[in-house]
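S.K.: What follows is structure-v3.txt; its format and atoms are compact mmCIF, C-alpha atoms (C1' of nucleotides).
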# COMPACT_ATOMS: atom_id res chain seq x y z
CA MET J 1 -1.76 16.27 2.33
CA SER J 2 -4.87 15.52 0.30
CA LEU J 3 -5.34 12.70 -2.15
CA ILE J 4 -5.47 15.21 -4.99
CA GLN J 5 -2.16 16.67 -3.89
CA ILE J 6 -0.64 13.20 -3.91
CA TYR J 7 -1.79 12.68 -7.47
CA GLU J 8 -0.45 16.10 -8.45
CA CYS J 9 2.93 15.06 -7.14
CA LEU J 10 2.78 11.89 -9.21
CA CYS J 11 2.15 13.76 -12.47
CA ASP J 12 5.78 14.35 -13.34
CA GLU J 13 8.29 11.77 -14.43
CA THR J 14 11.18 13.29 -12.52
CA ARG J 15 9.15 13.20 -9.33
CA LEU J 16 8.08 9.63 -9.99
CA ARG J 17 11.69 8.62 -10.41
CA ILE J 18 12.66 10.41 -7.22
CA LEU J 19 9.90 8.76 -5.21
CA HIS J 20 10.73 5.40 -6.66
CA LEU J 21 14.38 5.77 -5.72
CA LEU J 22 13.57 6.94 -2.21
CA GLN J 23 11.60 3.79 -1.57
CA ALA J 24 14.93 1.99 -1.46
CA GLY J 25 16.28 4.51 1.06
CA GLU J 26 17.25 8.11 1.56
CA LEU J 27 19.37 10.07 -0.91
CA CYS J 28 20.98 13.48 -1.06
CA VAL J 29 20.37 15.92 -3.90
CA CYS J 30 23.66 15.35 -5.63
CA HIS J 31 23.15 11.62 -5.67
CA LEU J 32 19.73 12.06 -7.19
CA GLN J 33 21.29 14.44 -9.66
CA GLU J 34 23.83 11.81 -10.63
CA ILE J 35 21.35 8.97 -10.93
CA LEU J 36 18.70 10.90 -12.80
CA ASN J 37 21.21 12.83 -14.87
CA GLU J 38 19.23 16.03 -14.61
CA PRO J 39 20.34 19.58 -13.74
CA GLN J 40 20.54 20.49 -10.08
CA VAL J 41 17.88 23.15 -10.24
CA LYS J 42 15.41 20.72 -11.69
CA ILE J 43 15.99 18.13 -8.98
CA SER J 44 15.95 20.74 -6.27
CA LYS J 45 12.71 22.29 -7.40
CA HIS J 46 10.94 18.96 -7.68
CA LEU J 47 12.16 18.03 -4.20
CA ALA J 48 10.81 21.32 -2.86
CA TYR J 49 7.52 20.57 -4.58
CA LEU J 50 7.36 17.17 -2.93
CA ARG J 51 8.46 18.47 0.46
CA THR J 52 5.90 21.27 0.68
CA ARG J 53 3.21 18.69 0.01
CA GLY J 54 4.50 16.20 2.54
CA LEU J 55 5.58 13.51 0.12
CA VAL J 56 9.18 13.61 1.26
CA GLU J 57 11.07 14.71 4.33
CA SER J 58 14.54 16.17 4.53
CA ARG J 59 17.31 16.54 7.01
CA LYS J 60 20.52 18.44 6.80
CA GLU J 61 23.88 16.77 7.15
CA ALA J 62 26.90 19.05 6.77
CA ASN J 63 26.08 20.81 3.54
CA TRP J 64 24.01 18.03 2.10
CA MET J 65 20.28 17.78 2.23
CA ILE J 66 19.21 14.20 2.61
CA TYR J 67 15.73 13.37 1.40
CA SER J 68 13.60 10.43 2.40
CA LEU J 69 10.02 9.27 2.34
CA PRO J 70 7.94 10.17 5.40
CA THR J 71 8.49 7.94 8.38
CA LYS J 72 4.74 8.00 9.01
CA PRO J 73 3.04 8.13 5.62
CA SER J 74 -0.71 8.50 5.49
CA ARG J 75 -2.79 5.58 4.36
CA GLU J 76 -3.36 7.24 0.99
CA LEU J 77 0.30 7.93 0.46
CA ALA J 78 1.35 4.43 1.46
CA ALA J 79 -1.22 2.93 -0.89
CA ASN J 80 -0.13 5.08 -3.79
CA LEU J 81 3.57 4.50 -3.24
CA ALA J 82 2.94 0.77 -3.22
CA CYS J 83 0.89 1.12 -6.38
CA LEU J 84 3.66 3.13 -7.99
CA GLN J 85 6.23 0.46 -7.19
CA ASP J 86 3.99 -2.11 -8.77
CA CYS J 87 3.39 0.00 -11.87
CA VAL J 88 7.01 0.81 -12.62
CA SER J 89 8.56 -2.50 -11.65
CA GLU J 90 9.01 -3.48 -15.27
CA ASN J 91 9.70 -0.05 -16.69
CA ALA J 92 13.11 0.42 -18.29
CA VAL J 93 13.75 3.94 -17.04
CA PHE J 94 12.97 3.09 -13.44
CA ARG J 95 14.94 -0.13 -13.52
CA ARG J 96 17.94 1.70 -14.87
CA ASP J 97 17.66 4.19 -12.02
CA GLU J 98 17.78 1.29 -9.58
CA THR J 99 20.84 -0.11 -11.27
CA LYS J 100 22.64 3.22 -11.20
CA ARG J 101 21.78 3.58 -7.57
CA LYS J 102 23.30 0.23 -6.74
CA GLN J 103 26.44 1.03 -8.69
CA MET J 104 26.73 4.31 -6.84
CA SER J 105 26.27 2.62 -3.49
CA ALA J 106 28.94 0.11 -4.38
CA ARG J 107 31.31 2.88 -5.33
CA ILE J 108 30.67 4.67 -2.06
CA ALA J 109 31.03 1.46 -0.09
CA ALA J 110 34.38 0.89 -1.77
CA GLU J 111 35.53 3.97 0.11
CA SER J 112 36.12 6.06 -2.91
CA PRO J 113 35.89 9.38 -1.11
CA VAL J 114 33.73 11.00 -3.72
CA CYS J 115 30.32 12.38 -3.13
CA CYS J 116 28.70 13.09 -6.41
CA SER J 117 30.31 14.87 -9.21
CA GLN J 118 33.37 12.65 -9.35
CA LYS J 119 35.46 15.73 -9.94
CA LYS J 120 37.88 15.50 -7.09
CA PRO J 121 38.30 13.46 -4.01
CA SER J 122 37.51 15.89 -1.26
CA GLY J 123 37.78 13.87 1.87
CA ARG J 124 34.10 14.49 2.46
CA LYS J 125 31.29 12.17 1.80
CA ALA J 126 27.58 12.11 2.34
CA VAL J 127 26.97 9.37 4.83
CA LEU J 128 23.76 7.54 4.30
CA LYS J 129 22.29 5.43 7.02
CA MET A 130 -2.08 5.75 -22.02
CA SER A 131 1.02 6.36 -19.94
CA LEU A 132 1.27 6.20 -16.18
CA ILE A 133 1.82 9.94 -16.06
CA GLN A 134 -1.36 10.50 -18.03
CA ILE A 135 -3.25 8.34 -15.58
CA TYR A 136 -2.01 10.45 -12.69
CA GLU A 137 -2.90 13.62 -14.58
CA CYS A 138 -6.42 12.34 -14.88
CA LEU A 139 -6.54 11.68 -11.15
CA CYS A 140 -5.55 15.23 -10.23
CA ASP A 141 -9.04 16.68 -10.25
CA GLU A 142 -11.76 15.99 -7.73
CA THR A 143 -14.54 15.96 -10.31
CA ARG A 144 -12.69 13.36 -12.33
CA LEU A 145 -12.00 11.28 -9.24
CA ARG A 146 -15.69 11.32 -8.39
CA ILE A 147 -16.60 10.31 -11.93
CA LEU A 148 -14.14 7.43 -11.98
CA HIS A 149 -15.28 6.29 -8.57
CA LEU A 150 -18.90 6.28 -9.67
CA LEU A 151 -18.13 4.44 -12.89
CA GLN A 152 -16.56 1.61 -10.95
CA ALA A 153 -20.09 0.69 -9.89
CA GLY A 154 -21.26 0.72 -13.51
CA GLU A 155 -21.84 2.91 -16.51
CA LEU A 156 -23.61 6.26 -16.35
CA CYS A 157 -24.81 8.87 -18.80
CA VAL A 158 -23.79 12.52 -18.59
CA CYS A 159 -27.05 13.76 -17.16
CA HIS A 160 -26.96 11.21 -14.38
CA LEU A 161 -23.43 12.23 -13.49
CA GLN A 162 -24.60 15.80 -13.61
CA GLU A 163 -27.36 15.02 -11.15
CA ILE A 164 -25.21 13.02 -8.76
CA LEU A 165 -22.28 15.38 -8.76
CA ASN A 166 -24.46 18.48 -8.85
CA GLU A 167 -22.13 20.24 -11.26
CA PRO A 168 -22.87 22.16 -14.48
CA GLN A 169 -23.18 20.13 -17.66
CA VAL A 170 -20.21 21.73 -19.35
CA LYS A 171 -17.95 20.86 -16.47
CA ILE A 172 -18.96 17.20 -16.48
CA SER A 173 -18.76 17.01 -20.24
CA LYS A 174 -15.30 18.50 -20.43
CA HIS A 175 -13.91 16.26 -17.75
CA LEU A 176 -15.38 13.25 -19.51
CA ALA A 177 -13.74 14.35 -22.75
CA TYR A 178 -10.47 14.73 -20.86
CA LEU A 179 -10.77 11.20 -19.51
CA ARG A 180 -11.89 9.76 -22.83
CA THR A 181 -9.04 11.21 -24.89
CA ARG A 182 -6.63 9.64 -22.42
CA GLY A 183 -8.30 6.26 -22.43
CA LEU A 184 -9.57 6.30 -18.85
CA VAL A 185 -13.19 5.95 -19.90
CA GLU A 186 -15.08 4.69 -22.90
CA SER A 187 -18.37 5.92 -24.27
CA ARG A 188 -21.19 4.69 -26.38
CA LYS A 189 -24.16 6.48 -27.80
CA GLU A 190 -27.70 5.49 -26.97
CA ALA A 191 -30.41 7.65 -28.51
CA ASN A 192 -29.25 11.10 -27.53
CA TRP A 193 -27.46 10.01 -24.42
CA MET A 194 -23.79 9.32 -24.14
CA ILE A 195 -23.14 6.51 -21.75
CA TYR A 196 -19.72 6.44 -20.14
CA SER A 197 -17.98 3.48 -18.60
CA LEU A 198 -14.57 2.32 -17.52
CA PRO A 199 -12.54 0.49 -20.18
CA THR A 200 -13.48 -3.13 -20.63
CA LYS A 201 -9.78 -3.98 -20.92
CA PRO A 202 -7.92 -1.61 -18.61
CA SER A 203 -4.14 -1.68 -18.62
CA ARG A 204 -2.36 -3.08 -15.61
CA GLU A 205 -1.46 0.42 -14.47
CA LEU A 206 -4.98 1.69 -14.79
CA ALA A 207 -6.47 -1.29 -12.99
CA ALA A 208 -3.97 -0.90 -10.16
CA ASN A 209 -4.68 2.79 -9.78
CA LEU A 210 -8.43 2.42 -9.92
CA ALA A 211 -8.24 -0.21 -7.20
CA CYS A 212 -6.01 2.09 -5.19
CA LEU A 213 -8.46 4.93 -5.68
CA GLN A 214 -11.34 2.84 -4.41
CA ASP A 215 -9.34 1.98 -1.35
CA CYS A 216 -8.36 5.59 -0.72
CA VAL A 217 -11.83 7.10 -0.97
CA SER A 218 -13.80 4.32 0.69
CA GLU A 219 -14.19 6.34 3.87
CA ASN A 220 -14.42 9.78 2.30
CA ALA A 221 -17.67 11.64 2.89
CA VAL A 222 -17.96 13.18 -0.56
CA PHE A 223 -17.45 9.91 -2.38
CA ARG A 224 -19.78 8.01 -0.07
CA ARG A 225 -22.47 10.57 -0.62
CA ASP A 226 -22.04 10.15 -4.36
CA GLU A 227 -22.61 6.43 -3.95
CA THR A 228 -25.73 7.05 -1.93
CA LYS A 229 -27.13 9.45 -4.46
CA ARG A 230 -26.42 6.97 -7.20
CA LYS A 231 -28.35 4.27 -5.40
CA GLN A 232 -31.29 6.56 -4.80
CA MET A 233 -31.28 7.49 -8.44
CA SER A 234 -31.18 3.87 -9.52
CA ALA A 235 -34.08 3.10 -7.22
CA ARG A 236 -36.06 5.94 -8.69
CA ILE A 237 -35.40 4.72 -12.19
CA ALA A 238 -36.25 1.16 -11.24
CA ALA A 239 -39.56 2.38 -9.84
CA GLU A 240 -40.44 3.30 -13.42
CA SER A 241 -40.62 6.98 -12.88
CA PRO A 242 -40.09 7.89 -16.50
CA VAL A 243 -37.64 10.63 -15.78
CA CYS A 244 -34.13 10.75 -17.02
CA CYS A 245 -32.29 13.44 -15.21
CA SER A 246 -33.54 16.88 -14.64
CA GLN A 247 -36.83 15.86 -13.07
CA LYS A 248 -38.48 18.60 -14.98
CA LYS A 249 -41.07 16.68 -16.90
CA PRO A 250 -41.82 13.11 -17.60
CA SER A 251 -40.84 12.70 -21.17
CA GLY A 252 -41.57 9.10 -21.93
CA ARG A 253 -37.89 8.62 -22.59
CA LYS A 254 -35.35 7.15 -20.33
CA ALA A 255 -31.71 6.26 -20.49
CA VAL A 256 -31.57 2.53 -20.17
CA LEU A 257 -28.55 1.26 -18.31
CA LYS A 258 -27.48 -2.29 -18.64
C1' DC F 259 -39.47 20.38 -40.22
C1' DT F 260 -39.73 22.38 -35.90
C1' DT F 261 -39.09 22.01 -31.01
C1' DG F 262 -36.76 20.41 -27.01
C1' DC F 263 -33.47 17.73 -24.72
C1' DA F 264 -28.67 15.80 -24.23
C1' DT F 265 -24.18 16.60 -25.11
C1' DA F 266 -20.05 18.72 -27.10
C1' DT F 267 -17.15 22.49 -28.54
C1' DA F 268 -15.17 27.23 -29.01
C1' DC F 269 -13.68 31.13 -26.77
C1' DC F 270 -11.82 33.62 -22.92
C1' DG F 271 -9.54 34.84 -18.60
C1' DT F 272 -7.05 33.15 -14.63
C1' DT F 273 -3.85 30.34 -12.56
C1' DA F 274 -0.16 27.11 -11.90
C1' DA F 275 3.33 23.86 -13.56
C1' DC F 276 7.61 23.43 -15.80
C1' DG F 277 12.37 24.32 -17.29
C1' DG F 278 16.33 27.19 -17.66
C1' DA F 279 19.52 31.05 -16.34
C1' DA F 280 21.23 33.58 -12.90
C1' DT F 281 21.87 34.42 -8.24
C1' DA F 282 21.69 33.64 -3.30
C1' DT F 283 22.57 30.96 0.86
C1' DA F 284 24.85 27.74 3.81
C1' DC F 285 28.51 25.10 5.16
C1' DC F 286 33.21 23.28 5.15
C1' DG F 287 38.28 23.27 4.78
C1' DA F 288 42.42 25.84 4.50
C1' DT V 289 38.49 35.19 6.11
C1' DC V 290 38.38 33.08 1.51
C1' DG V 291 37.25 29.71 -1.94
C1' DG V 292 34.66 25.88 -3.23
C1' DT V 293 30.87 22.73 -2.92
C1' DA V 294 25.89 21.68 -2.16
C1' DT V 295 21.52 23.35 -2.34
C1' DA V 296 17.75 26.74 -2.69
C1' DT V 297 15.46 30.64 -4.65
C1' DT V 298 14.19 34.29 -7.92
C1' DC V 299 12.97 35.72 -12.36
C1' DC V 300 11.11 34.75 -16.77
C1' DG V 301 8.80 32.69 -20.78
C1' DT V 302 5.94 28.90 -22.36
C1' DT V 303 2.36 25.84 -21.89
C1' DA V 304 -1.71 23.61 -20.18
C1' DA V 305 -5.48 23.01 -16.83
C1' DC V 306 -9.67 24.79 -15.22
C1' DG V 307 -14.18 27.08 -15.01
C1' DG V 308 -17.68 29.83 -17.15
C1' DT V 309 -20.49 31.77 -21.09
C1' DA V 310 -22.14 31.14 -25.29
C1' DT V 311 -23.00 28.38 -29.09
C1' DA V 312 -23.21 24.28 -31.93
C1' DT V 313 -24.44 19.46 -32.91
C1' DG V 314 -27.25 15.29 -32.78
C1' DC V 315 -31.38 12.96 -32.05
C1' DA V 316 -36.23 12.05 -31.20
C1' DA V 317 -41.17 13.24 -30.75
C1' DG V 318 -44.87 15.20 -32.89
So, in terms of structure tokens, how does the structure I just supplied come out?
M.R.:
Amino acid sequence: MSLIQIYECLCDETRLRILHLLQAGELCVCHLQEILNEPQVKISKHLAYLRTRGLVESRKEANWMIYSLPTKPSRELAANLACLQDCVSENAVFRRDETKRKQMSARIAAESPVCCSQKKPSGRKAVLK
Amino acid sequence: MSLIQIYECLCDETRLRILHLLQAGELCVCHLQEILNEPQVKISKHLAYLRTRGLVESRKEANWMIYSLPTKPSRELAANLACLQDCVSENAVFRRDETKRKQMSARIAAESPVCCSQKKPSGRKAVLK
DNA sequence: CTTGCATATACCGTTAACGGAATATACCGA
DNA sequence: TCGGTATATTCCGTTAACGGTATATGCAAG
């Protein structure tokens, strides 16, 4: 993971929003989809982009893929993620993402057995640590 | 100058080296050319790329164009330039650029009336503040 | 006003990012 | 095994970055 590759990953707003959200903790694809309000394929492809370059890690849980920031980020990555947090801390789009994330967490915590799409209770739920 | 645009500017090694060098002070194109050892057109185009996005400023002096970092950088730019400095401080390529810059400055200070190409003394010299 | 140097721009080919549509895969519950 | 949900991948068209070659512009010395 080179410095240039890090910057390449930071060149897209969707990826910036994903990275910003993941700094508050791991998320599955459908939750990202809900928060960012973007089509699944778009989220999925940006996550693949980030994963192949080592900016995020993923683990499988049932049929969800849960994405998170690396447990051991390089010095360059850590520095740039910190810088990103600083840069977007007052940005409306990123703040709204945070808010939506909190609302979603609250909904999940309230035991509403809904994962993402709010279509039907399914008895299943992505469990985030 | 958006945050995304800043990251786009940071995606290329030549541009990173230019920005890193400019943090130690302004430079003209031919000096950058000498330090980076890259063709003139490449340097010039990357400088134009940076200039149109507000990452560098330029002023004309005789027939030299002298490039520098913005006198009033945005918060995002300042943060990312600081981050860049931190990230490359131990990188061989960037350190070598610094060394070459110092050698060049010493040569100029020693009154060798040569601007860049070392071809012929011309009696002219780019004067850096 | 011509010559030479410094710099910028136009043109071209190659490559990769990006988004969307469609499809494939994987897993779970019934 | 079947249907549905979550996610990934393939295909495709558009766009922009990048590097190189050639050329143009601007300026200064003589």
S.K.: Just checking: using all atoms listed in the file, which residue out of A:Leu179, A:Ile172, A:Val158, A:Met194 ends up closest to Cys140 of chain A?
M.R.: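 Selected residue with least distance to Cys140 of chain A: A:Leu179.
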S.K.: May I have the residues of chain J within 9 Å of chain V, counting all atoms listed in the file, written as a PyMOL selection string?
M.R.: chain J and resi 29-30+40-41+44-45+48+63-65
S.K.: Taking all atoms of segment 157-166 of chain A that the file lists and extending 6 Å past them on each side, where is the centre of the axis-aligned box and how long are its edges? Answer in Å to one decimal, as AutoDock Vina command-line options.
M.R.:
--center_x -24.8 --center_y 13.7 --center_z -13.8 --size_x 17.1 --size_y 21.6 --size_z 22.0
S.K.: Enumerate as a PDB file with C-alpha atoms, in the coordinates of the input the residues belonging to chain J that approach chain A to within 6 Å, with all atoms listed in the file taken into account.
M.R.:
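result.pdb, freshly written:
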ATOM      1  CA  ILE J   4      -5.470  15.210  -4.990  1.00  0.00           C
ATOM      2  CA  TYR J   7      -1.790  12.680  -7.470  1.00  0.00           C
ATOM      3  CA  GLU J   8      -0.450  16.100  -8.450  1.00  0.00           C
ATOM      4  CA  CYS J  11       2.150  13.760 -12.470  1.00  0.00           C
ATOM      5  CA  GLU J  76      -3.360   7.240   0.990  1.00  0.00           C
ATOM      6  CA  CYS J  87       3.390   0.000 -11.870  1.00  0.00           C
TER       7      CYS J  87
END
S.K.: Using all atoms listed in the file, which residues sit within 7 Å of Pro70 of chain J once same-chain residues fewer than 2 positions away are excluded, as an mmCIF file with C-alpha atoms, in the coordinates of the input?
M.R.:
data_model
loop_
_atom_site.group_PDB
_atom_site.id
_atom_site.type_symbol
_atom_site.label_atom_id
_atom_site.label_comp_id
_atom_site.auth_asym_id
_atom_site.auth_seq_id
_atom_site.Cartn_x
_atom_site.Cartn_y
_atom_site.Cartn_z
ATOM 1 C CA LEU J 55 5.580 13.510 0.120
ATOM 2 C CA VAL J 56 9.180 13.610 1.260
ATOM 3 C CA GLU J 57 11.070 14.710 4.330
ATOM 4 C CA SER J 68 13.600 10.430 2.400
ATOM 5 C CA LYS J 72 4.740 8.000 9.010
ATOM 6 C CA PRO J 73 3.040 8.130 5.620
#
S.K.: Taking a cut-off of 9 Å and counting all atoms listed in the file, can you build a table that, for each residue of chain F near chain A, reports the nearest atom pair and how far apart they are in Å (one decimal), sorted by chain then residue number, as JSON lines?
M.R.:
{"residue": "F:DC263", "atom": "C1'", "partner": "A:Asn192", "partner_atom": "CA", "distance": 8.3}
{"residue": "F:DA264", "atom": "C1'", "partner": "A:Asn192", "partner_atom": "CA", "distance": 5.8}
{"residue": "F:DT265", "atom": "C1'", "partner": "A:Ser173", "partner_atom": "CA", "distance": 7.3}
{"residue": "F:DA266", "atom": "C1'", "partner": "A:Ser173", "partner_atom": "CA", "distance": 7.2}
S.K.: Residues as selected, C-alpha atoms (C1' of nucleotides), written as a JSON list (two decimals), keeping the file's coordinate frame, can you do that?
M.R.:
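Listed below is the output, result.json:
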[["chain", "number", "residue", "atom", "x", "y", "z"],
["F", 263, "DC", "C1'", -33.47, 17.73, -24.72],
["F", 264, "DA", "C1'", -28.67, 15.80, -24.23],
["F", 265, "DT", "C1'", -24.18, 16.60, -25.11],
["F", 266, "DA", "C1'", -20.05, 18.72, -27.10]]
S.K.: State, in Å with one decimal place, the distance from atom CA of Gly25 of chain J to atom CA of Ser2 of chain J.
M.R.: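 One can read the atom CA of Gly25 of chain J to atom CA of Ser2 of chain J distance as 23.9 Å.
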S.K.: For segment 11-22 of chain J, which lacks atoms in the input, supply N, CA and C atoms and format the output as a PDB file, in the frame of the given file.
M.R.:
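Contents of rebuild-v7.pdb, as written:
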ATOM      1  N   CYS J  11       2.397  13.409 -11.070  1.00  0.00           N
ATOM      2  CA  CYS J  11       2.150  13.760 -12.470  1.00  0.00           C
ATOM      3  C   CYS J  11       3.416  14.045 -13.264  1.00  0.00           C
ATOM      4  N   ASP J  12       4.543  13.965 -12.659  1.00  0.00           N
ATOM      5  CA  ASP J  12       5.780  14.350 -13.340  1.00  0.00           C
ATOM      6  C   ASP J  12       6.784  13.208 -13.270  1.00  0.00           C
ATOM      7  N   GLU J  13       7.400  12.931 -14.394  1.00  0.00           N
ATOM      8  CA  GLU J  13       8.290  11.770 -14.430  1.00  0.00           C
ATOM      9  C   GLU J  13       9.480  11.902 -13.490  1.00  0.00           C
ATOM     10  N   THR J  14      10.045  13.096 -13.435  1.00  0.00           N
ATOM     11  CA  THR J  14      11.180  13.290 -12.520  1.00  0.00           C
ATOM     12  C   THR J  14      10.770  12.991 -11.086  1.00  0.00           C
ATOM     13  N   ARG J  15       9.593  13.463 -10.702  1.00  0.00           N
ATOM     14  CA  ARG J  15       9.150  13.200  -9.330  1.00  0.00           C
ATOM     15  C   ARG J  15       8.866  11.723  -9.107  1.00  0.00           C
ATOM     16  N   LEU J  16       8.306  11.079 -10.114  1.00  0.00           N
ATOM     17  CA  LEU J  16       8.080   9.630  -9.990  1.00  0.00           C
ATOM     18  C   LEU J  16       9.388   8.904  -9.778  1.00  0.00           C
ATOM     19  N   ARG J  17      10.398   9.299 -10.542  1.00  0.00           N
ATOM     20  CA  ARG J  17      11.690   8.620 -10.410  1.00  0.00           C
ATOM     21  C   ARG J  17      12.298   8.880  -9.045  1.00  0.00           C
ATOM     22  N   ILE J  18      12.140  10.095  -8.552  1.00  0.00           N
ATOM     23  CA  ILE J  18      12.660  10.410  -7.220  1.00  0.00           C
ATOM     24  C   ILE J  18      11.963   9.550  -6.162  1.00  0.00           C
ATOM     25  N   LEU J  19      10.658   9.515  -6.218  1.00  0.00           N
ATOM     26  CA  LEU J  19       9.900   8.760  -5.210  1.00  0.00           C
ATOM     27  C   LEU J  19      10.240   7.280  -5.284  1.00  0.00           C
ATOM     28  N   HIS J  20      10.369   6.810  -6.497  1.00  0.00           N
ATOM     29  CA  HIS J  20      10.730   5.400  -6.660  1.00  0.00           C
ATOM     30  C   HIS J  20      12.089   5.108  -6.040  1.00  0.00           C
ATOM     31  N   LEU J  21      13.046   5.983  -6.284  1.00  0.00           N
ATOM     32  CA  LEU J  21      14.380   5.770  -5.720  1.00  0.00           C
ATOM     33  C   LEU J  21      14.360   5.839  -4.194  1.00  0.00           C
ATOM     34  N   LEU J  22      13.583   6.764  -3.672  1.00  0.00           N
ATOM     35  CA  LEU J  22      13.570   6.940  -2.210  1.00  0.00           C
ATOM     36  C   LEU J  22      12.940   5.749  -1.497  1.00  0.00           C
TER      37      LEU J  22
END
